[in-house]
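Printed here is final-v8.json (JSON, C-alpha atoms):
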```json
[["chain", "number", "residue", "atom", "x", "y", "z"],
["A", 1, "MET", "CA", -60.34, 7.56, -96.02],
["A", 2, "ARG", "CA", -58.35, 9.47, -98.63],
["A", 3, "LEU", "CA", -56.61, 11.37, -95.84],
["A", 4, "PHE", "CA", -55.73, 8.08, -94.10],
["A", 5, "VAL", "CA", -54.30, 6.57, -97.27],
["A", 6, "LEU", "CA", -52.25, 9.71, -97.97],
["A", 7, "SER", "CA", -50.83, 9.66, -94.46],
["A", 8, "LEU", "CA", -49.92, 5.99, -94.81],
["A", 9, "LEU", "CA", -48.14, 6.65, -98.08],
["A", 10, "LEU", "CA", -46.16, 9.53, -96.57],
["A", 11, "LEU", "CA", -45.19, 7.41, -93.56],
["A", 12, "THR", "CA", -44.00, 4.62, -95.84],
["A", 13, "ALA", "CA", -41.93, 7.05, -97.88],
["A", 14, "PHE", "CA", -40.05, 8.20, -94.78],
["A", 15, "VAL", "CA", -39.74, 4.88, -92.97],
["A", 16, "ALA", "CA", -38.80, 2.61, -95.89],
["A", 17, "PRO", "CA", -35.35, 4.18, -96.57],
["A", 18, "SER", "CA", -34.45, 4.08, -92.87],
["A", 19, "LEU", "CA", -35.57, 0.48, -92.59],
["A", 20, "ALA", "CA", -33.57, -0.43, -95.69],
["A", 21, "ALA", "CA", -30.49, 1.24, -94.25],
["A", 22, "GLU", "CA", -30.87, -0.74, -91.02],
["A", 23, "LEU", "CA", -31.22, -4.00, -92.90],
["A", 24, "ALA", "CA", -28.28, -3.33, -95.24],
["A", 25, "PRO", "CA", -25.21, -5.45, -94.41],
["A", 26, "SER", "CA", -22.51, -3.65, -92.42],
["A", 27, "ALA", "CA", -19.03, -3.19, -93.85],
["A", 28, "PRO", "CA", -16.64, -5.83, -92.46],
["A", 29, "SER", "CA", -14.40, -4.76, -89.58],
["A", 30, "ALA", "CA", -10.65, -5.25, -89.45],
["A", 31, "PRO", "CA", -8.09, -5.34, -86.62],
["A", 32, "LEU", "CA", -6.71, -1.97, -85.52],
["A", 33, "VAL", "CA", -2.93, -2.36, -85.72],
["A", 34, "ILE", "CA", -0.60, 0.09, -83.95],
["A", 35, "GLY", "CA", 2.58, -1.95, -83.82],
["A", 36, "GLU", "CA", 3.97, -5.46, -83.83],
["A", 37, "THR", "CA", 3.85, -8.38, -81.44],
["A", 38, "PHE", "CA", 5.93, -11.52, -81.16],
["A", 39, "THR", "CA", 6.80, -14.17, -78.60],
["A", 40, "VAL", "CA", 10.09, -15.28, -77.07],
["A", 41, "GLN", "CA", 10.55, -18.77, -75.71],
["A", 42, "SER", "CA", 12.56, -18.00, -72.58],
["A", 43, "LYS", "CA", 14.91, -20.67, -71.29],
["A", 44, "VAL", "CA", 15.75, -18.48, -68.30],
["A", 45, "LEU", "CA", 12.13, -18.15, -67.20],
["A", 46, "GLY", "CA", 10.94, -21.48, -68.57],
["A", 47, "GLU", "CA", 7.96, -19.97, -70.37],
["A", 48, "THR", "CA", 6.84, -18.09, -73.46],
["A", 49, "ARG", "CA", 6.74, -14.28, -73.17],
["A", 50, "ARG", "CA", 4.76, -11.96, -75.42],
["A", 51, "ILE", "CA", 6.48, -8.77, -76.56],
["A", 52, "ASN", "CA", 4.70, -5.70, -77.98],
["A", 53, "VAL", "CA", 6.61, -3.13, -80.02],
["A", 54, "TYR", "CA", 5.71, 0.38, -81.17],
["A", 55, "ARG", "CA", 7.87, 2.38, -83.58],
["A", 56, "PRO", "CA", 6.80, 6.02, -84.01],
["A", 57, "ARG", "CA", 6.67, 7.54, -87.46],
["A", 58, "PRO", "CA", 7.06, 11.30, -87.05],
["A", 59, "TRP", "CA", 7.31, 13.37, -90.20],
["A", 60, "GLY", "CA", 10.77, 13.26, -91.75],
["A", 61, "LEU", "CA", 12.03, 10.17, -89.89],
["A", 62, "ASP", "CA", 13.75, 7.63, -92.10],
["A", 63, "PRO", "CA", 11.78, 4.38, -91.57],
["A", 64, "LYS", "CA", 15.07, 2.49, -91.52],
["A", 65, "ALA", "CA", 16.85, 4.82, -89.09],
["A", 66, "PRO", "CA", 18.18, 3.03, -85.96],
["A", 67, "LEU", "CA", 16.36, 4.12, -82.80],
["A", 68, "PRO", "CA", 17.15, 3.95, -79.09],
["A", 69, "VAL", "CA", 14.99, 1.46, -77.18],
["A", 70, "ILE", "CA", 12.93, 1.82, -74.04],
["A", 71, "TYR", "CA", 11.94, -1.43, -72.34],
["A", 72, "MET", "CA", 8.84, -1.51, -70.16],
["A", 73, "PRO", "CA", 7.56, -4.24, -67.87],
["A", 74, "ASP", "CA", 3.76, -4.13, -67.57],
["A", 75, "GLY", "CA", 3.87, -3.88, -71.36],
["A", 76, "GLY", "CA", 0.80, -5.92, -72.29],
["A", 77, "ILE", "CA", -2.06, -4.53, -74.38],
["A", 78, "GLU", "CA", -4.33, -4.78, -71.31],
["A", 79, "GLU", "CA", -1.61, -3.22, -69.13],
["A", 80, "ASP", "CA", 0.34, 0.02, -69.75],
["A", 81, "PHE", "CA", 1.57, -0.45, -73.32],
["A", 82, "LEU", "CA", -1.14, 1.51, -75.13],
["A", 83, "HIS", "CA", -1.05, 4.70, -73.08],
["A", 84, "VAL", "CA", 2.77, 4.87, -73.10],
["A", 85, "ALA", "CA", 2.79, 4.19, -76.87],
["A", 86, "GLY", "CA", 0.35, 7.08, -77.20],
["A", 87, "LEU", "CA", 2.78, 9.37, -75.39],
["A", 88, "VAL", "CA", 5.61, 8.25, -77.66],
["A", 89, "GLN", "CA", 3.46, 8.90, -80.74],
["A", 90, "VAL", "CA", 2.30, 12.36, -79.67],
["A", 91, "LEU", "CA", 5.58, 13.63, -78.21],
["A", 92, "SER", "CA", 7.76, 12.42, -81.08],
["A", 93, "GLY", "CA", 5.19, 13.69, -83.56],
["A", 94, "ASN", "CA", 5.14, 17.23, -82.16],
["A", 95, "GLY", "CA", 8.91, 17.37, -81.74],
["A", 96, "SER", "CA", 8.97, 17.31, -77.94],
["A", 97, "ILE", "CA", 11.17, 14.21, -77.71],
["A", 98, "ARG", "CA", 13.53, 12.12, -79.79],
["A", 99, "PRO", "CA", 11.77, 9.10, -81.29],
["A", 100, "PHE", "CA", 12.61, 5.72, -79.84],
["A", 101, "LEU", "CA", 11.39, 2.13, -80.07],
["A", 102, "LEU", "CA", 9.01, 1.10, -77.30],
["A", 103, "VAL", "CA", 9.27, -2.56, -76.25],
["A", 104, "GLY", "CA", 6.62, -3.79, -73.84],
["A", 105, "ILE", "CA", 6.88, -7.10, -72.00],
["A", 106, "GLU", "CA", 3.52, -8.62, -71.15],
["A", 107, "ASN", "CA", 3.27, -10.03, -67.63],
["A", 108, "THR", "CA", 2.77, -13.65, -66.65],
["A", 109, "GLU", "CA", 3.66, -13.59, -62.92],
["A", 110, "ARG", "CA", 4.27, -9.92, -62.23],
["A", 111, "ARG", "CA", 4.93, -10.17, -58.48],
["A", 112, "ARG", "CA", 7.43, -12.96, -59.07],
["A", 113, "ASP", "CA", 9.34, -11.10, -61.80],
["A", 114, "MET", "CA", 9.40, -7.61, -60.28],
["A", 115, "THR", "CA", 10.58, -8.55, -56.78],
["A", 116, "GLY", "CA", 13.81, -9.70, -55.23],
["A", 117, "PRO", "CA", 13.94, -12.12, -52.28],
["A", 118, "SER", "CA", 12.26, -11.01, -49.06],
["A", 119, "SER", "CA", 12.49, -12.12, -45.44],
["A", 120, "ASP", "CA", 9.29, -10.26, -44.56],
["A", 121, "PRO", "CA", 6.40, -12.69, -43.97],
["A", 122, "ALA", "CA", 3.92, -10.09, -45.25],
["A", 123, "ASP", "CA", 5.75, -9.87, -48.57],
["A", 124, "ARG", "CA", 5.63, -13.63, -49.01],
["A", 125, "LYS", "CA", 1.83, -13.54, -48.87],
["A", 126, "ILE", "CA", 1.34, -11.31, -51.90],
["A", 127, "ALA", "CA", 1.87, -14.09, -54.46],
["A", 128, "PRO", "CA", 2.55, -17.84, -54.69],
["A", 129, "ARG", "CA", 6.05, -17.06, -55.95],
["A", 130, "ILE", "CA", 8.24, -14.02, -55.36],
["A", 131, "GLY", "CA", 11.92, -13.13, -55.67],
["A", 132, "GLY", "CA", 12.41, -13.65, -59.40],
["A", 133, "SER", "CA", 13.89, -10.28, -60.36],
["A", 134, "ALA", "CA", 17.38, -11.64, -61.05],
["A", 135, "ALA", "CA", 15.99, -14.21, -63.50],
["A", 136, "TYR", "CA", 13.80, -11.58, -65.15],
["A", 137, "ARG", "CA", 16.82, -9.30, -65.54],
["A", 138, "ALA", "CA", 18.73, -12.17, -67.14],
["A", 139, "PHE", "CA", 15.81, -12.68, -69.53],
["A", 140, "LEU", "CA", 16.02, -9.03, -70.58],
["A", 141, "ARG", "CA", 19.80, -9.05, -70.94],
["A", 142, "ASP", "CA", 20.45, -12.44, -72.50],
["A", 143, "GLU", "CA", 17.29, -13.24, -74.45],
["A", 144, "LEU", "CA", 15.07, -10.25, -75.17],
["A", 145, "MET", "CA", 17.68, -7.60, -75.98],
["A", 146, "PRO", "CA", 19.48, -9.79, -78.56],
["A", 147, "GLU", "CA", 16.10, -10.63, -80.12],
["A", 148, "VAL", "CA", 15.17, -6.95, -80.39],
["A", 149, "ARG", "CA", 18.55, -6.10, -81.94],
["A", 150, "GLN", "CA", 18.06, -8.86, -84.48],
["A", 151, "ARG", "CA", 14.56, -7.78, -85.45],
["A", 152, "TYR", "CA", 14.92, -3.98, -85.45],
["A", 153, "ALA", "CA", 17.42, -1.27, -86.31],
["A", 154, "THR", "CA", 18.51, 0.07, -82.92],
["A", 155, "THR", "CA", 21.22, 2.21, -81.41],
["A", 156, "ASP", "CA", 23.16, 1.24, -78.28],
["A", 157, "GLU", "CA", 21.01, 3.55, -76.13],
["A", 158, "ARG", "CA", 18.64, 1.69, -73.80],
["A", 159, "ALA", "CA", 16.15, 2.79, -71.15],
["A", 160, "LEU", "CA", 13.98, 1.02, -68.58],
["A", 161, "ILE", "CA", 10.67, 2.37, -67.25],
["A", 162, "GLY", "CA", 8.40, 0.98, -64.52],
["A", 163, "GLU", "CA", 5.85, 1.93, -61.90],
["A", 164, "SER", "CA", 5.09, 0.49, -58.44],
["A", 165, "LEU", "CA", 6.68, -2.99, -58.22],
["A", 166, "ALA", "CA", 8.07, -2.46, -61.72],
["A", 167, "GLY", "CA", 9.57, 0.77, -60.36],
["A", 168, "LEU", "CA", 11.19, -1.31, -57.62],
["A", 169, "PHE", "CA", 12.67, -3.51, -60.36],
["A", 170, "VAL", "CA", 14.01, -0.41, -62.13],
["A", 171, "VAL", "CA", 15.75, 0.80, -58.96],
["A", 172, "GLU", "CA", 17.11, -2.66, -58.14],
["A", 173, "THR", "CA", 18.52, -2.94, -61.68],
["A", 174, "LEU", "CA", 20.07, 0.53, -61.42],
["A", 175, "LEU", "CA", 21.87, -0.45, -58.22],
["A", 176, "GLN", "CA", 22.80, -4.04, -59.10],
["A", 177, "GLU", "CA", 23.57, -3.78, -62.82],
["A", 178, "PRO", "CA", 23.83, -0.07, -63.66],
["A", 179, "THR", "CA", 25.43, -0.60, -67.08],
["A", 180, "LEU", "CA", 22.50, -2.63, -68.42],
["A", 181, "PHE", "CA", 20.59, 0.56, -69.31],
["A", 182, "ASN", "CA", 21.59, 4.16, -69.95],
["A", 183, "THR", "CA", 18.38, 5.61, -68.51],
["A", 184, "TYR", "CA", 16.31, 4.45, -65.54],
["A", 185, "ILE", "CA", 12.76, 5.73, -64.95],
["A", 186, "ALA", "CA", 11.11, 4.65, -61.68],
["A", 187, "LEU", "CA", 7.62, 5.95, -60.90],
["A", 188, "ASP", "CA", 6.27, 5.51, -57.36],
["A", 189, "PRO", "CA", 8.69, 2.62, -56.79],
["A", 190, "SER", "CA", 7.68, 0.11, -54.10],
["A", 191, "LEU", "CA", 10.81, 0.64, -52.02],
["A", 192, "TRP", "CA", 9.03, -0.76, -48.97],
["A", 193, "TRP", "CA", 9.70, -4.28, -50.28],
["A", 194, "ASN", "CA", 11.69, -6.53, -47.92],
["A", 195, "ARG", "CA", 11.48, -3.85, -45.24],
["A", 196, "GLY", "CA", 13.23, -1.33, -47.47],
["A", 197, "GLN", "CA", 16.33, -3.42, -48.09],
["A", 198, "VAL", "CA", 16.99, -2.03, -51.60],
["A", 199, "LEU", "CA", 17.12, 1.47, -50.17],
["A", 200, "ALA", "CA", 19.24, 0.35, -47.22],
["A", 201, "ASP", "CA", 21.77, -1.27, -49.57],
["A", 202, "ALA", "CA", 21.90, 1.71, -51.92],
["A", 203, "PRO", "CA", 24.85, 3.61, -50.34],
["A", 204, "LYS", "CA", 27.30, 0.75, -50.84],
["A", 205, "ARG", "CA", 26.24, 0.31, -54.47],
["A", 206, "LEU", "CA", 26.37, 3.95, -55.54],
["A", 207, "ALA", "CA", 30.04, 3.91, -56.54],
["A", 208, "ALA", "CA", 29.35, 1.43, -59.33],
["A", 209, "ALA", "CA", 26.32, 3.43, -60.41],
["A", 210, "ARG", "CA", 28.33, 6.61, -60.57],
["A", 211, "GLN", "CA", 30.98, 4.93, -62.70],
["A", 212, "ALA", "CA", 28.30, 3.74, -65.14],
["A", 213, "GLU", "CA", 26.90, 7.30, -65.38],
["A", 214, "PRO", "CA", 23.26, 6.45, -66.07],
["A", 215, "ARG", "CA", 20.50, 9.03, -66.14],
["A", 216, "VAL", "CA", 17.76, 8.62, -63.54],
["A", 217, "PHE", "CA", 14.20, 9.95, -63.34],
["A", 218, "LEU", "CA", 12.17, 9.40, -60.18],
["A", 219, "ALA", "CA", 8.59, 10.44, -59.46],
["A", 220, "SER", "CA", 6.29, 9.92, -56.50],
["A", 221, "SER", "CA", 2.59, 10.30, -55.85],
["A", 222, "GLY", "CA", 0.92, 11.81, -52.81],
["A", 223, "GLN", "CA", 1.09, 8.49, -50.93],
["A", 224, "PRO", "CA", 3.26, 9.43, -47.93],
["A", 225, "GLN", "CA", 5.40, 6.29, -47.60],
["A", 226, "LEU", "CA", 6.20, 6.12, -51.31],
["A", 227, "ALA", "CA", 6.92, 9.84, -51.49],
["A", 228, "ALA", "CA", 9.28, 9.67, -48.49],
["A", 229, "THR", "CA", 11.30, 6.70, -49.72],
["A", 230, "THR", "CA", 11.53, 8.02, -53.29],
["A", 231, "LEU", "CA", 12.74, 11.38, -52.00],
["A", 232, "GLN", "CA", 15.31, 9.57, -49.85],
["A", 233, "LEU", "CA", 16.59, 7.63, -52.85],
["A", 234, "SER", "CA", 16.78, 10.79, -54.92],
["A", 235, "ALA", "CA", 18.86, 12.50, -52.22],
["A", 236, "LEU", "CA", 21.26, 9.54, -52.04],
["A", 237, "LEU", "CA", 21.74, 9.49, -55.80],
["A", 238, "GLN", "CA", 22.26, 13.24, -56.05],
["A", 239, "GLN", "CA", 24.72, 13.41, -53.15],
["A", 240, "ALA", "CA", 26.81, 10.48, -54.27],
["A", 241, "SER", "CA", 26.65, 11.18, -57.98],
["A", 242, "PRO", "CA", 26.54, 14.91, -58.60],
["A", 243, "SER", "CA", 27.72, 14.44, -62.18],
["A", 244, "LEU", "CA", 24.70, 12.30, -63.07],
["A", 245, "LEU", "CA", 21.39, 13.54, -64.39],
["A", 246, "VAL", "CA", 19.07, 12.70, -61.49],
["A", 247, "LYS", "CA", 15.63, 14.25, -61.73],
["A", 248, "TYR", "CA", 13.06, 13.86, -58.97],
["A", 249, "GLN", "CA", 9.49, 14.92, -59.68],
["A", 250, "PRO", "CA", 7.06, 14.88, -56.74],
["A", 251, "MET", "CA", 3.43, 14.75, -57.90],
["A", 252, "PRO", "CA", 1.42, 15.09, -54.67],
["A", 253, "ASP", "CA", -1.90, 15.54, -56.47],
["A", 254, "GLU", "CA", -1.60, 12.10, -58.07],
["A", 255, "THR", "CA", -2.45, 8.79, -56.43],
["A", 256, "HIS", "CA", -0.58, 5.53, -56.84],
["A", 257, "ALA", "CA", -3.28, 4.53, -59.34],
["A", 258, "THR", "CA", -3.03, 7.69, -61.47],
["A", 259, "ILE", "CA", 0.67, 8.60, -61.48],
["A", 260, "TYR", "CA", 1.96, 6.50, -64.37],
["A", 261, "HIS", "CA", 0.66, 8.52, -67.31],
["A", 262, "PRO", "CA", 1.47, 12.09, -66.14],
["A", 263, "ALA", "CA", 4.81, 11.02, -64.69],
["A", 264, "ALA", "CA", 5.77, 9.15, -67.86],
["A", 265, "LEU", "CA", 4.97, 12.30, -69.84],
["A", 266, "GLN", "CA", 7.40, 14.31, -67.71],
["A", 267, "ALA", "CA", 10.01, 11.55, -67.78],
["A", 268, "LEU", "CA", 10.04, 11.25, -71.56],
["A", 269, "ARG", "CA", 10.29, 15.01, -72.01],
["A", 270, "THR", "CA", 13.15, 15.19, -69.50],
["A", 271, "MET", "CA", 15.16, 12.16, -70.57],
["A", 272, "PHE", "CA", 14.63, 12.19, -74.33],
["A", 273, "PRO", "CA", 14.41, 15.86, -75.34],
["A", 274, "ALA", "CA", 14.47, 16.61, -79.04],
["A", 275, "PRO", "CA", 17.70, 18.26, -80.18],
["A", 276, "ALA", "CA", 17.57, 22.02, -80.48],
["A", 277, "PRO", "CA", 17.11, 23.23, -84.06],
["A", 278, "VAL", "CA", 20.29, 24.22, -85.80],
["A", 279, "ALA", "CA", 20.49, 27.94, -86.50],
["A", 280, "PRO", "CA", 20.73, 28.80, -90.24]]
```
Please express the file's structure as structure tokens.
Amino acid sequence: MRLFVLSLLLLTAFVAPSLAAELAPSAPSAPLVIGETFTVQSKVLGETRRINVYRPRPWGLDPKAPLPVIYMPDGGIEEDFLHVAGLVQVLSGNGSIRPFLLVGIENTERRRDMTGPSSDPADRKIAPRIGGSAAYRAFLRDELMPEVRQRYATTDERALIGESLAGLFVVETLLQEPTLFNTYIALDPSLWWNRGQVLADAPKRLAAARQAEPRVFLASSGQPQLAATTLQLSALLQQASPSLLVKYQPMPDETHATIYHPAALQALRTMFPAPAPVAP
């Protein structure tokens, strides 16, 4: 009996603190904030659009210093904003790239906004509404960009990044309004849209693109059709505009689903390199 009582006392001594710890109230949680978010009431699109913004804070950067801006469709928290913001944070923090403001536009009707008109019946089946790229571009130009300039200290340097249908929108914008951005980054662009009409129209639009002198980064996955059309676009741009910075990065080991992050890493390093240190 004494042995039983002693064992019970020892068990209580060990269990009681653990039980008390389990019953103790947990510390309250708080939101994890990495940037800012706001909405724009768009008259062009007839709807409210949510915008997510990340400003990196590498060591030594004046918090009030104006920064270039990179605009990204597919920029919602549940879309591609977080992983691209992570690249901006890491690469600007370790000195691989110049810091810039990342502005993500959350989607509402992605297939409407990222596509131009199409005469292909198959294209018309992908969404209730398509062909809204011109309106979306007007939203960027006339509503979002002025709002960003009003809210943040920015330079005049602007870039546009997108993948898949958003990559198609990047290429279409490059060819139709090349002065809207200084840098265009298209990753696995869906150049098959409307039976490849954007690519077919490219030669007659290259003169205006050359005059604007933008910088272009293209990347393709191992998907054969996308790789072939992206390579074709790269060749057209390089032949017609030898003075431009046109970088094509094939990534055959990546799929259409995996290309965005590794290709964005290469694009940011290529298009926004940090300035070389000044010799003493």
> In Å, how far is it from CA of Ser220 (chain A) to CA of Pro252 (chain A)?
Replying inline: 7.3 Å
What are the nearest atom pairs, with distances in Å to one decimal, for all residues of region 190-263 of chain A that come at most 8 Å from region 176-185 of chain A, using all atoms listed in the file, set out by chain and rising residue number as CSV?
```
residue,atom,partner,partner_atom,distance
A:Arg205,CA,A:Gln176,CA,7.2
A:Ala208,CA,A:Pro178,CA,7.2
A:Ala209,CA,A:Pro178,CA,5.4
A:Ala212,CA,A:Thr179,CA,5.6
A:Glu213,CA,A:Asn182,CA,7.7
A:Pro214,CA,A:Asn182,CA,4.8
A:Arg215,CA,A:Thr183,CA,4.7
A:Val216,CA,A:Tyr184,CA,4.8
A:Phe217,CA,A:Ile185,CA,4.7
A:Leu218,CA,A:Ile185,CA,6.0
```
Set out as a Markdown table a contact list for region 133-178 of chain A and region 90-110 of chain A with a cut-off of 10 Å, giving each residue of region 133-178 of chain A that qualifies its closest atom pair and distance in Å to one decimal, counting only C-alpha atoms, ordered by chain and rising residue number.
```
| residue | atom | partner | partner_atom | distance |
| --- | --- | --- | --- | --- |
| A:Ser133 | CA | A:Arg110 | CA | 9.8 |
| A:Leu140 | CA | A:Ile105 | CA | 9.4 |
| A:Leu144 | CA | A:Ile105 | CA | 9.3 |
| A:Met145 | CA | A:Val103 | CA | 9.8 |
| A:Val148 | CA | A:Val103 | CA | 8.4 |
| A:Tyr152 | CA | A:Leu101 | CA | 8.9 |
| A:Ala153 | CA | A:Leu101 | CA | 9.3 |
| A:Thr154 | CA | A:Leu101 | CA | 7.9 |
| A:Thr155 | CA | A:Phe100 | CA | 9.4 |
| A:Glu157 | CA | A:Phe100 | CA | 9.4 |
| A:Arg158 | CA | A:Phe100 | CA | 9.4 |
| A:Ala159 | CA | A:Leu102 | CA | 9.6 |
| A:Leu160 | CA | A:Val103 | CA | 9.7 |
| A:Ile161 | CA | A:Gly104 | CA | 9.9 |
| A:Leu165 | CA | A:Arg110 | CA | 8.4 |
| A:Ala166 | CA | A:Arg110 | CA | 8.4 |
```
> Suppose you want the space between CA of Asp113 (chain A) and CA of Arg137 (chain A); what is it in Å?
Replying inline: 8.6 Å
> With only C-alpha atoms as the basis for distance, which of A:Asp142, A:His261, A:Gly116, A:Asp74 is at the shortest distance from Trp192 (chain A)?
Replying inline: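 Between A:Asp142, A:His261, A:Gly116, A:Asp74, the residue approaching Trp192 (chain A) most closely is A:Gly116.
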> Could you work out how far CA of Ser190 (chain A) lies from CA of Gln89 (chain A), giving the answer in Å with one decimal?
Replying inline: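 If I compute the distance from CA of Gln89 (chain A) to CA of Ser190 (chain A), I get 28.4 Å.
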> Smallest atom-to-atom distance to Ala263 (chain A): which of A:Val69, A:Leu206, A:Met251, A:Ile51, using all atoms listed in the file?
Replying inline: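 Going through A:Val69, A:Leu206, A:Met251, A:Ile51 one by one, the smallest distance to Ala263 (chain A) is for A:Met251.
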Would you place a box with edges along x, y and z of the file around all atoms of region 103-114 of chain A listed there, add 6 Å to each of its six sides, and report the centre and edge lengths in Å to one decimal, as AutoDock Vina command-line options?
```
--center_x 6.1 --center_y -8.1 --center_z -67.4 --size_x 18.6 --size_y 23.1 --size_z 29.8
```
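Proximity to Gly162 (chain A) was assessed for A:Ala135, A:Glu143, A:Tyr248, A:Ala264 counting only C-alpha atoms; the smallest distance is recorded for A:Ala264.
Among the candidate residues A:Pro275, A:Pro203, A:Pro58, A:Gly222, the one lying nearest to Ala257 (chain A) is A:Gly222, with distances computed using all atoms listed in the file.
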> Of the candidates A:Ala65, A:Leu191, A:Ala85, A:Ile70, which one gets nearest to Glu36 (chain A) if we count only C-alpha atoms?
Replying inline: A:Ala85
> Looking at only C-alpha atoms, which of A:Gln41, A:Val198, A:Pro224, A:Ala186 is the one that sits closest to Pro117 (chain A)?
Replying inline: A:Val198
> List as a list of chain:residue names: which residues have an atom within 6 Å of (17.0, 4.0, -53.7), counting all atoms listed in the file?
Replying inline: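 The residues near that point, listed by chain and number, are A:Leu199, A:Ala202, A:Leu233.
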